[in-house]
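Everything on this sheet refers to the single structure shown next.
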Amino acid sequence: MTFTRMTASELGEKLAAKEISSVEVTKAHLDRIEAVDGDIHAFLHVSASALSTAADVDSRRLAGEAMGPLAGVPIAIKDVLCTHDMPSTAGSRMLEGWTPPYDATVVRKLREAHLVPLGKTNMDEFAMGSSTEHSAFGPTHNPWDLERIPGGSGGGSAAAVAAFEAPLALGSDTGGSIRQPAAVTGSVGVKPTYGGVSRYGAIALASSLDQVGPVTRTVLDAALLHDVIGGHDPRDSTSLRDEWPVFADAARAGRDGRSLKGTRIGVVKELNGEGFQAGVRSRFAEALDIMSAAGAEIVEVSAPNFEYAIAAYYLILPAEASSNLAKFDSVRFGLRVNPAGGGTVEDVMAATREAGFGDEVKRRIILGTYALSAGYYDAYYGSAQKVRTLIQRDFDAAFEKVDVLVSPSAPTTAFKLGEKLDDPLAMYLNDITTIPANLAGVPGMGLPMGLAPEDGLPTGMQIMAPARADARLYSVGGALEALLEDSWGHTMISQAPALEPTEMFAARGGEV
Amino acid sequence: MITTEQVAHLANLARIALTPAEIDKLTGELGTIVDSIAKVSEVAGPDVPATSHPIRLVNVSRPDVPGATLSTEEALAGAPEHDGARFKVSAILGEEQ
């Protein structure tokens, strides 16, 4: 099997056994990027030092240094995360070419665990979007169909793993930016409990919602990566001090046991109805049957306030974003545009922000400024914060009855590039399934659920657990993944079309 | 009802020199979006407390001991303009001020 088709877990084991070298593995992925990324455009920057980093890991291993399970495995990093040796643009002209003077904590942890950074992945500008079309550097294309969106904002990370350009990637999830791209690219993504993973060095979108997490092709790989990046960070004042279990153990137990006996699974009534594509609903129903056959108790639960989640989110997020993005003032870093005829520092700031921000960023900053302005604050931002309380209460009530909640990760399969670009509201409504978890801070996982019969494109299952119970995602997700693959006889991602440069519009693979 | 005057004022507050065409377009878009999200006030009664943060946290403090910081060179490395020790900007005050 070629290195690029192997999981991170398999690569890690063969690297540890010295059967293969990190240089070989890294070279294979750089070659793959070279071959297919012209079509996919998952990467904004490819590291010039990946091979030397890999060689260093190999020599340390040969010298007998103790190393973690992912040492020597390559990884792609969402461009929202600061890297001291690569530009970090967050998909914006505002930060084009900017190299931060420090690493995000999660990036430091990757380096300390001897993973090999391959490069930085494309995203909607400042993580505002659900399609990666709002990147200032052009969209990413879905490896399953190059004319379709890879989801967003982390479309680059999801496409990179789905196109076998990287076995692992990091993403960030403010309202679904890890889980929705996972759904439409047939990959796995996890938004950890808020505070479970450090936000230090993650360019902030909405600080009370943002969370960094793993993007992979298997549940076990996500767990292994979560084990590397999680834990308390004194540099993030919202970082939890919890001791976390080993998530890889939970994933392996779920996979090996293939049993959900005694697990109470709640189906969120409000996240599986009108507006959900037929093929998404039929795959979801099949997955529920499989879980039921494996011993799970499936019950329907109602979360009546989820109806208001999108409205609350699109007040809270712009409000926080308009404050966070005030730092882009043309003084300390990033773009500066001097208006014709000169002007004061405020004139320079306004000209810079006009030139440096794209349409969606401007839209949300103006919306946030509106929501926070005197006279509207109580009606909009104040009410949205109350809705947040109601949504947390819905989760609390549901988790008294069940161990995990499930829904489709996204209401539809990947839509066509350009389809929703001129209709911001339609784009926002796409986030209905994923937003509640961010508002409540609970963890969520997206994993493959099968291809929709009508279009042959991936659908995703979302699993949500109570805050701090991330391990449940991995045990339930590990079991479901194994049970689904047993029923199909193969992995879902193995059905993705080949992406040789000469076959850029190759026919889609067979039905799962 | 959001007006173009309001959007122009918000753009000024947010320090974005929007063009008149952008202000027109945003006025329509914001109207549609605000109509859709205004429903938060339907359920948010006076008896519901506000939540600003998903997980209950207490403020964090630490002893005020100097630690590693960026060097001047590192801090200035990404600046659009500097003089080797300080960030350079254009005039803070306009002529009328």
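As shown in the structure tokens, the chain order sets the letters A, B, ...; within each chain, residues go from 1, and ligands are also counted from 1 in the order they appear.
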Write out as CSV the residues of chain B that have any atom within 8 Å of an atom of chain A, one row each with the nearest atom pair and its distance in Å to one decimal, counting only C-alpha atoms, sorted by chain and then rising number.
```
residue,atom,partner,partner_atom,distance
B:Val7,CA,A:Ile366,CA,7.4
B:Leu10,CA,A:Ile366,CA,6.1
B:Ala11,CA,A:Ile366,CA,6.4
B:Asn12,CA,A:Ala350,CA,7.9
B:Leu13,CA,A:Thr369,CA,7.7
B:Ala14,CA,A:Thr369,CA,6.9
B:Arg15,CA,A:Ala350,CA,4.5
B:Ile16,CA,A:Ala350,CA,4.3
B:Ala17,CA,A:Ala350,CA,4.9
B:Leu18,CA,A:Glu354,CA,6.0
B:Leu26,CA,A:Arg363,CA,6.8
B:Glu29,CA,A:Pro424,CA,7.8
B:Leu30,CA,A:Leu367,CA,6.9
B:Thr32,CA,A:Leu425,CA,7.8
B:Ile33,CA,A:Leu425,CA,6.4
B:Ser36,CA,A:Ala311,CA,7.0
B:Ile37,CA,A:Ala311,CA,4.2
B:Ala38,CA,A:Tyr380,CA,6.8
B:Lys39,CA,A:Ala311,CA,7.0
B:Val40,CA,A:Ser383,CA,5.8
B:Ser41,CA,A:Ser383,CA,5.4
B:Val43,CA,A:Val387,CA,7.2
B:Ala44,CA,A:Ser383,CA,5.4
B:Val48,CA,A:Lys386,CA,5.9
B:Pro49,CA,A:Lys386,CA,5.8
B:Ala50,CA,A:Lys386,CA,4.2
B:Thr51,CA,A:Gln385,CA,5.1
B:Ser52,CA,A:Gln385,CA,6.1
B:His53,CA,A:Ser208,CA,5.6
B:Pro54,CA,A:Gly441,CA,4.8
B:Ile55,CA,A:Gly441,CA,6.4
B:Leu57,CA,A:Thr238,CA,7.1
B:Asn59,CA,A:Ser237,CA,7.5
B:Val60,CA,A:Ser237,CA,6.1
B:Leu70,CA,A:Pro101,CA,7.7
B:Glu74,CA,A:Pro101,CA,5.9
B:Ala75,CA,A:Pro101,CA,7.3
B:Leu76,CA,A:Arg332,CA,7.1
B:Ala77,CA,A:Pro101,CA,7.7
B:Gly78,CA,A:Phe333,CA,4.6
B:Ala79,CA,A:Phe333,CA,4.3
B:Pro80,CA,A:Phe333,CA,6.1
B:Glu81,CA,A:Val331,CA,7.7
B:Phe87,CA,A:Arg332,CA,6.6
B:Lys88,CA,A:Val331,CA,7.4
B:Val89,CA,A:Val345,CA,6.3
B:Ser90,CA,A:Val345,CA,5.2
B:Ala91,CA,A:Thr344,CA,4.8
B:Ile92,CA,A:Val345,CA,5.4
B:Leu93,CA,A:Thr344,CA,6.2
B:Gly94,CA,A:Thr344,CA,5.8
```
field: DSSP-assigned helix (DSSP H, G or I) among segment 28-76 of chain B, expressed as a PyMOL selection string
entry: chain B and resi 28-37+40-43+72-76
Quick one: write out the picked residues with N, CA, C and O atoms as a PDB file, in the first residue's frame?
```
ATOM      1  N   GLY B  28     -29.117  46.335   1.923  1.00  0.00           N
ATOM      2  CA  GLY B  28     -30.119  45.328   1.584  1.00  0.00           C
ATOM      3  C   GLY B  28     -29.845  44.001   2.284  1.00  0.00           C
ATOM      4  O   GLY B  28     -30.747  43.389   2.870  1.00  0.00           O
ATOM      5  N   GLU B  29     -28.580  43.560   2.242  1.00  0.00           N
ATOM      6  CA  GLU B  29     -28.227  42.266   2.844  1.00  0.00           C
ATOM      7  C   GLU B  29     -28.458  42.278   4.350  1.00  0.00           C
ATOM      8  O   GLU B  29     -28.988  41.329   4.925  1.00  0.00           O
ATOM      9  N   LEU B  30     -28.035  43.361   5.004  1.00  0.00           N
ATOM     10  CA  LEU B  30     -28.191  43.434   6.457  1.00  0.00           C
ATOM     11  C   LEU B  30     -29.665  43.437   6.843  1.00  0.00           C
ATOM     12  O   LEU B  30     -30.051  42.826   7.832  1.00  0.00           O
ATOM     13  N   GLY B  31     -30.475  44.118   6.052  1.00  0.00           N
ATOM     14  CA  GLY B  31     -31.913  44.138   6.324  1.00  0.00           C
ATOM     15  C   GLY B  31     -32.474  42.725   6.344  1.00  0.00           C
ATOM     16  O   GLY B  31     -33.185  42.331   7.275  1.00  0.00           O
ATOM     17  N   THR B  32     -32.118  41.935   5.323  1.00  0.00           N
ATOM     18  CA  THR B  32     -32.601  40.558   5.241  1.00  0.00           C
ATOM     19  C   THR B  32     -32.092  39.732   6.424  1.00  0.00           C
ATOM     20  O   THR B  32     -32.845  38.976   7.047  1.00  0.00           O
ATOM     21  N   ILE B  33     -30.800  39.878   6.729  1.00  0.00           N
ATOM     22  CA  ILE B  33     -30.210  39.074   7.810  1.00  0.00           C
ATOM     23  C   ILE B  33     -30.831  39.467   9.155  1.00  0.00           C
ATOM     24  O   ILE B  33     -31.219  38.601   9.945  1.00  0.00           O
ATOM     25  N   VAL B  34     -30.955  40.768   9.410  1.00  0.00           N
ATOM     26  CA  VAL B  34     -31.483  41.211  10.702  1.00  0.00           C
ATOM     27  C   VAL B  34     -32.946  40.783  10.869  1.00  0.00           C
ATOM     28  O   VAL B  34     -33.349  40.340  11.946  1.00  0.00           O
ATOM     29  N   ASP B  35     -33.720  40.846   9.780  1.00  0.00           N
ATOM     30  CA  ASP B  35     -35.109  40.355   9.856  1.00  0.00           C
ATOM     31  C   ASP B  35     -35.145  38.902  10.303  1.00  0.00           C
ATOM     32  O   ASP B  35     -36.010  38.482  11.067  1.00  0.00           O
ATOM     33  N   SER B  36     -34.182  38.129   9.803  1.00  0.00           N
ATOM     34  CA  SER B  36     -34.173  36.699  10.086  1.00  0.00           C
ATOM     35  C   SER B  36     -33.699  36.392  11.510  1.00  0.00           C
ATOM     36  O   SER B  36     -34.189  35.464  12.141  1.00  0.00           O
ATOM     37  N   ILE B  37     -32.754  37.179  12.010  1.00  0.00           N
ATOM     38  CA  ILE B  37     -32.201  36.851  13.327  1.00  0.00           C
ATOM     39  C   ILE B  37     -32.903  37.582  14.466  1.00  0.00           C
ATOM     40  O   ILE B  37     -32.663  37.275  15.630  1.00  0.00           O
ATOM     41  N   VAL B  40     -34.620  36.088  17.907  1.00  0.00           N
ATOM     42  CA  VAL B  40     -34.064  35.743  19.223  1.00  0.00           C
ATOM     43  C   VAL B  40     -34.862  36.401  20.344  1.00  0.00           C
ATOM     44  O   VAL B  40     -34.950  35.862  21.443  1.00  0.00           O
ATOM     45  N   SER B  41     -35.447  37.563  20.060  1.00  0.00           N
ATOM     46  CA  SER B  41     -36.162  38.266  21.128  1.00  0.00           C
ATOM     47  C   SER B  41     -37.504  37.599  21.462  1.00  0.00           C
ATOM     48  O   SER B  41     -38.085  37.856  22.503  1.00  0.00           O
ATOM     49  N   GLU B  42     -37.979  36.690  20.544  1.00  0.00           N
ATOM     50  CA  GLU B  42     -39.255  35.996  20.805  1.00  0.00           C
ATOM     51  C   GLU B  42     -39.206  35.135  22.062  1.00  0.00           C
ATOM     52  O   GLU B  42     -40.176  35.022  22.795  1.00  0.00           O
ATOM     53  N   VAL B  43     -38.074  34.465  22.280  1.00  0.00           N
ATOM     54  CA  VAL B  43     -38.005  33.488  23.374  1.00  0.00           C
ATOM     55  C   VAL B  43     -37.249  33.995  24.591  1.00  0.00           C
ATOM     56  O   VAL B  43     -37.285  33.377  25.641  1.00  0.00           O
ATOM     57  N   THR B  72      12.484  43.320  20.522  1.00  0.00           N
ATOM     58  CA  THR B  72      12.045  44.450  19.689  1.00  0.00           C
ATOM     59  C   THR B  72      12.032  44.046  18.216  1.00  0.00           C
ATOM     60  O   THR B  72      11.098  44.331  17.480  1.00  0.00           O
ATOM     61  N   GLU B  73      13.083  43.347  17.816  1.00  0.00           N
ATOM     62  CA  GLU B  73      13.202  42.922  16.423  1.00  0.00           C
ATOM     63  C   GLU B  73      12.031  42.013  16.025  1.00  0.00           C
ATOM     64  O   GLU B  73      11.422  42.193  14.968  1.00  0.00           O
ATOM     65  N   GLU B  74      11.699  41.066  16.901  1.00  0.00           N
ATOM     66  CA  GLU B  74      10.589  40.152  16.602  1.00  0.00           C
ATOM     67  C   GLU B  74       9.256  40.910  16.546  1.00  0.00           C
ATOM     68  O   GLU B  74       8.425  40.664  15.677  1.00  0.00           O
ATOM     69  N   ALA B  75       9.091  41.832  17.491  1.00  0.00           N
ATOM     70  CA  ALA B  75       7.824  42.563  17.552  1.00  0.00           C
ATOM     71  C   ALA B  75       7.634  43.433  16.317  1.00  0.00           C
ATOM     72  O   ALA B  75       6.518  43.642  15.858  1.00  0.00           O
ATOM     73  N   LEU B  76       8.740  43.942  15.778  1.00  0.00           N
ATOM     74  CA  LEU B  76       8.646  44.834  14.621  1.00  0.00           C
ATOM     75  C   LEU B  76       8.688  44.082  13.290  1.00  0.00           C
ATOM     76  O   LEU B  76       8.466  44.677  12.237  1.00  0.00           O
TER      77      LEU B  76
END
```
- prompt: Near Pro192 of chain A, within 10 Å and counting only C-alpha atoms, which residues show up once chain neighbours fewer than 5 positions away are dropped, as a list in words?
  reply: Ser172, Asp173, Val197, Gln211, Val212, Gly213, Pro214, His226, Gly230, Ala437, Asn438, Gly441, Val442, Pro443, Gly444, Met445, Met464, Ala465, Ala467, Arg468, Ala469, Asp470, Ala471 and Leu473 of chain A
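You will find atom CA of Arg235 of chain A at 20.7 Å from atom CA of Ala90 of chain A.
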- line: Atom pair atom CA of Thr89 of chain A + atom CA of Phe126 of chain A, distance 8.4 Å
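Take the candidates A:Val476, A:Val106, A:Leu115, A:Met461 and check each one against Arg179 of chain A using only C-alpha atoms; the shortest distance goes to A:Met461.
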field: Atomic separation - atom CA of Asp103 of chain A relative to atom CA of Val219 of chain A, Å
entry: 26.6 Å
query: Any idea what's packed within 8 Å of segment 155-157 of chain A, counting only C-alpha atoms, ignoring anything in its chain fewer than 6 positions away? Could you give it as an MDAnalysis selection string?
result: chainID A and resid 41:43 76:78 121:124 131:132 140 149 169:171 177 181 215
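By chain and then residue number, the residues within 10 Å of Ser409 of chain A are Gly176, Arg179, Gln180, Pro181, Ala182, Ala183, Val184, Leu271, Val280, Phe284, Asp431, Ile432, Thr433, Thr434, Gly444, Met445, Gly446, Leu447, Pro448, Met449, Thr459, Gly460, Met461, Gln462 and Ile463 of chain A, counting only C-alpha atoms and disregarding those fewer than 5 positions away in sequence.
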How would the residues just chosen look if you wrote them out with N, CA and C atoms as a compact mmCIF listing (two decimals), in the first residue's frame?
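Result file is out.txt:
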```txt
# COMPACT_ATOMS: atom_id res chain seq x y z
N GLY A 176 -19.03 24.97 13.20
CA GLY A 176 -19.10 23.76 12.38
C GLY A 176 -17.95 23.62 11.39
N ARG A 179 -16.65 20.07 11.46
CA ARG A 179 -17.59 18.96 11.26
C ARG A 179 -18.30 19.01 9.91
N GLN A 180 -18.66 20.20 9.45
CA GLN A 180 -19.36 20.29 8.15
C GLN A 180 -18.44 19.94 6.98
N PRO A 181 -17.18 20.44 6.94
CA PRO A 181 -16.27 19.97 5.88
C PRO A 181 -16.04 18.46 5.94
N ALA A 182 -15.99 17.90 7.16
CA ALA A 182 -15.83 16.44 7.27
C ALA A 182 -16.99 15.74 6.58
N ALA A 183 -18.21 16.25 6.80
CA ALA A 183 -19.39 15.63 6.21
C ALA A 183 -19.31 15.61 4.68
N VAL A 184 -18.97 16.73 4.09
CA VAL A 184 -19.06 16.83 2.63
C VAL A 184 -17.82 16.27 1.91
N LEU A 271 -33.22 18.30 14.21
CA LEU A 271 -32.10 18.30 13.25
C LEU A 271 -32.22 17.15 12.25
N VAL A 280 -29.36 12.07 2.64
CA VAL A 280 -28.80 12.28 3.98
C VAL A 280 -29.69 11.59 5.00
N PHE A 284 -28.78 8.31 7.29
CA PHE A 284 -28.89 8.52 8.74
C PHE A 284 -29.75 7.42 9.36
N ASP A 431 -25.57 25.88 8.44
CA ASP A 431 -24.85 25.53 9.69
C ASP A 431 -25.78 25.04 10.80
N ILE A 432 -27.04 24.77 10.47
CA ILE A 432 -28.02 24.48 11.52
C ILE A 432 -27.65 23.31 12.42
N THR A 433 -27.02 22.29 11.85
CA THR A 433 -26.74 21.08 12.63
C THR A 433 -25.58 21.26 13.60
N THR A 434 -24.64 22.11 13.24
CA THR A 434 -23.39 22.16 14.00
C THR A 434 -23.33 23.27 15.03
N GLY A 444 -18.30 17.67 19.68
CA GLY A 444 -19.02 17.03 18.58
C GLY A 444 -18.05 16.41 17.60
N MET A 445 -18.48 15.29 17.03
CA MET A 445 -17.66 14.59 16.02
C MET A 445 -18.47 14.44 14.75
N GLY A 446 -17.82 14.60 13.60
CA GLY A 446 -18.44 14.25 12.33
C GLY A 446 -17.68 13.07 11.73
N LEU A 447 -18.41 12.07 11.24
CA LEU A 447 -17.74 10.93 10.61
C LEU A 447 -18.59 10.43 9.44
N PRO A 448 -17.97 9.70 8.50
CA PRO A 448 -18.68 9.27 7.30
C PRO A 448 -19.86 8.37 7.61
N MET A 449 -20.96 8.58 6.86
CA MET A 449 -22.20 7.86 7.11
C MET A 449 -22.68 7.15 5.84
N THR A 459 -22.09 11.73 2.93
CA THR A 459 -22.91 12.29 3.99
C THR A 459 -22.20 12.03 5.32
N GLY A 460 -22.54 12.82 6.33
CA GLY A 460 -21.84 12.68 7.61
C GLY A 460 -22.78 12.54 8.79
N MET A 461 -22.35 11.76 9.77
CA MET A 461 -23.06 11.60 11.03
C MET A 461 -22.39 12.51 12.07
N GLN A 462 -23.19 13.24 12.82
CA GLN A 462 -22.65 14.01 13.93
C GLN A 462 -23.02 13.32 15.25
N ILE A 463 -22.03 13.20 16.13
CA ILE A 463 -22.25 12.69 17.48
C ILE A 463 -21.88 13.80 18.45
```
- request: Fewer than 5 positions away in the same chain doesn't count, so skip those; otherwise give me all residues within 8 Å of Pro436 of chain A, counting only C-alpha atoms, as an MDAnalysis selection string.
  value: chainID A and resid 175 306 309 391
task: Please give the complete set of residues from segment 216-422 of chain A that DSSP, run on the backbone, assigns to strand (DSSP E or B), formatted as a PyMOL selection string.
output: chain A and resi 216+230+264-268+297-301+404-408+416
Take the residues that were just selected and, keeping C-alpha atoms, output them as a compact mmCIF listing (two decimals), in the first residue's frame.
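And here's out29.txt as it stands now:
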```
# COMPACT_ATOMS: atom_id res chain seq x y z
CA THR A 216 -8.51 12.96 9.76
CA GLY A 230 -5.28 18.59 24.18
CA ARG A 264 -28.52 5.46 25.01
CA ILE A 265 -28.48 7.44 21.76
CA GLY A 266 -30.73 10.46 21.36
CA VAL A 267 -31.88 11.53 17.91
CA VAL A 268 -32.41 15.28 17.86
CA GLU A 297 -31.12 2.17 22.71
CA ILE A 298 -32.32 4.79 20.20
CA VAL A 299 -34.69 7.45 21.49
CA GLU A 300 -35.98 10.65 19.98
CA VAL A 301 -35.28 13.78 22.00
CA VAL A 404 -24.88 10.94 23.28
CA LEU A 405 -26.94 12.89 20.76
CA VAL A 406 -26.83 12.28 17.02
CA SER A 407 -27.89 14.11 13.87
CA PRO A 408 -26.67 14.39 10.30
CA LYS A 416 -21.81 23.49 -6.24
```
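Taking only C-alpha atoms into account, Lys420 of chain A lies nearest to A:Arg148 out of the set A:Ala285, A:Arg148, A:Ala303, A:Ile435.
Proximity to Ala204 of chain A at 8 Å, evaluated using only C-alpha atoms and with sequence-adjacent residues fewer than 2 positions away removed, yields Phe126, Ala202, Ala206, Ser207, Asp210, Ala321 and Asn324 of chain A.
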Kindly save the residues from that selection, with C-alpha atoms included, as a compact mmCIF listing (two decimals), in the first residue's frame.
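This went into selection-v3.txt:
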```txt
# COMPACT_ATOMS: atom_id res chain seq x y z
CA PHE A 126 -10.86 34.59 9.14
CA ALA A 202 -5.30 30.60 16.87
CA ALA A 206 -15.40 34.45 18.07
CA SER A 207 -13.52 33.76 21.28
CA ASP A 210 -13.72 28.89 18.71
CA ALA A 321 -15.62 39.05 15.54
CA ASN A 324 -11.47 40.64 17.59
```
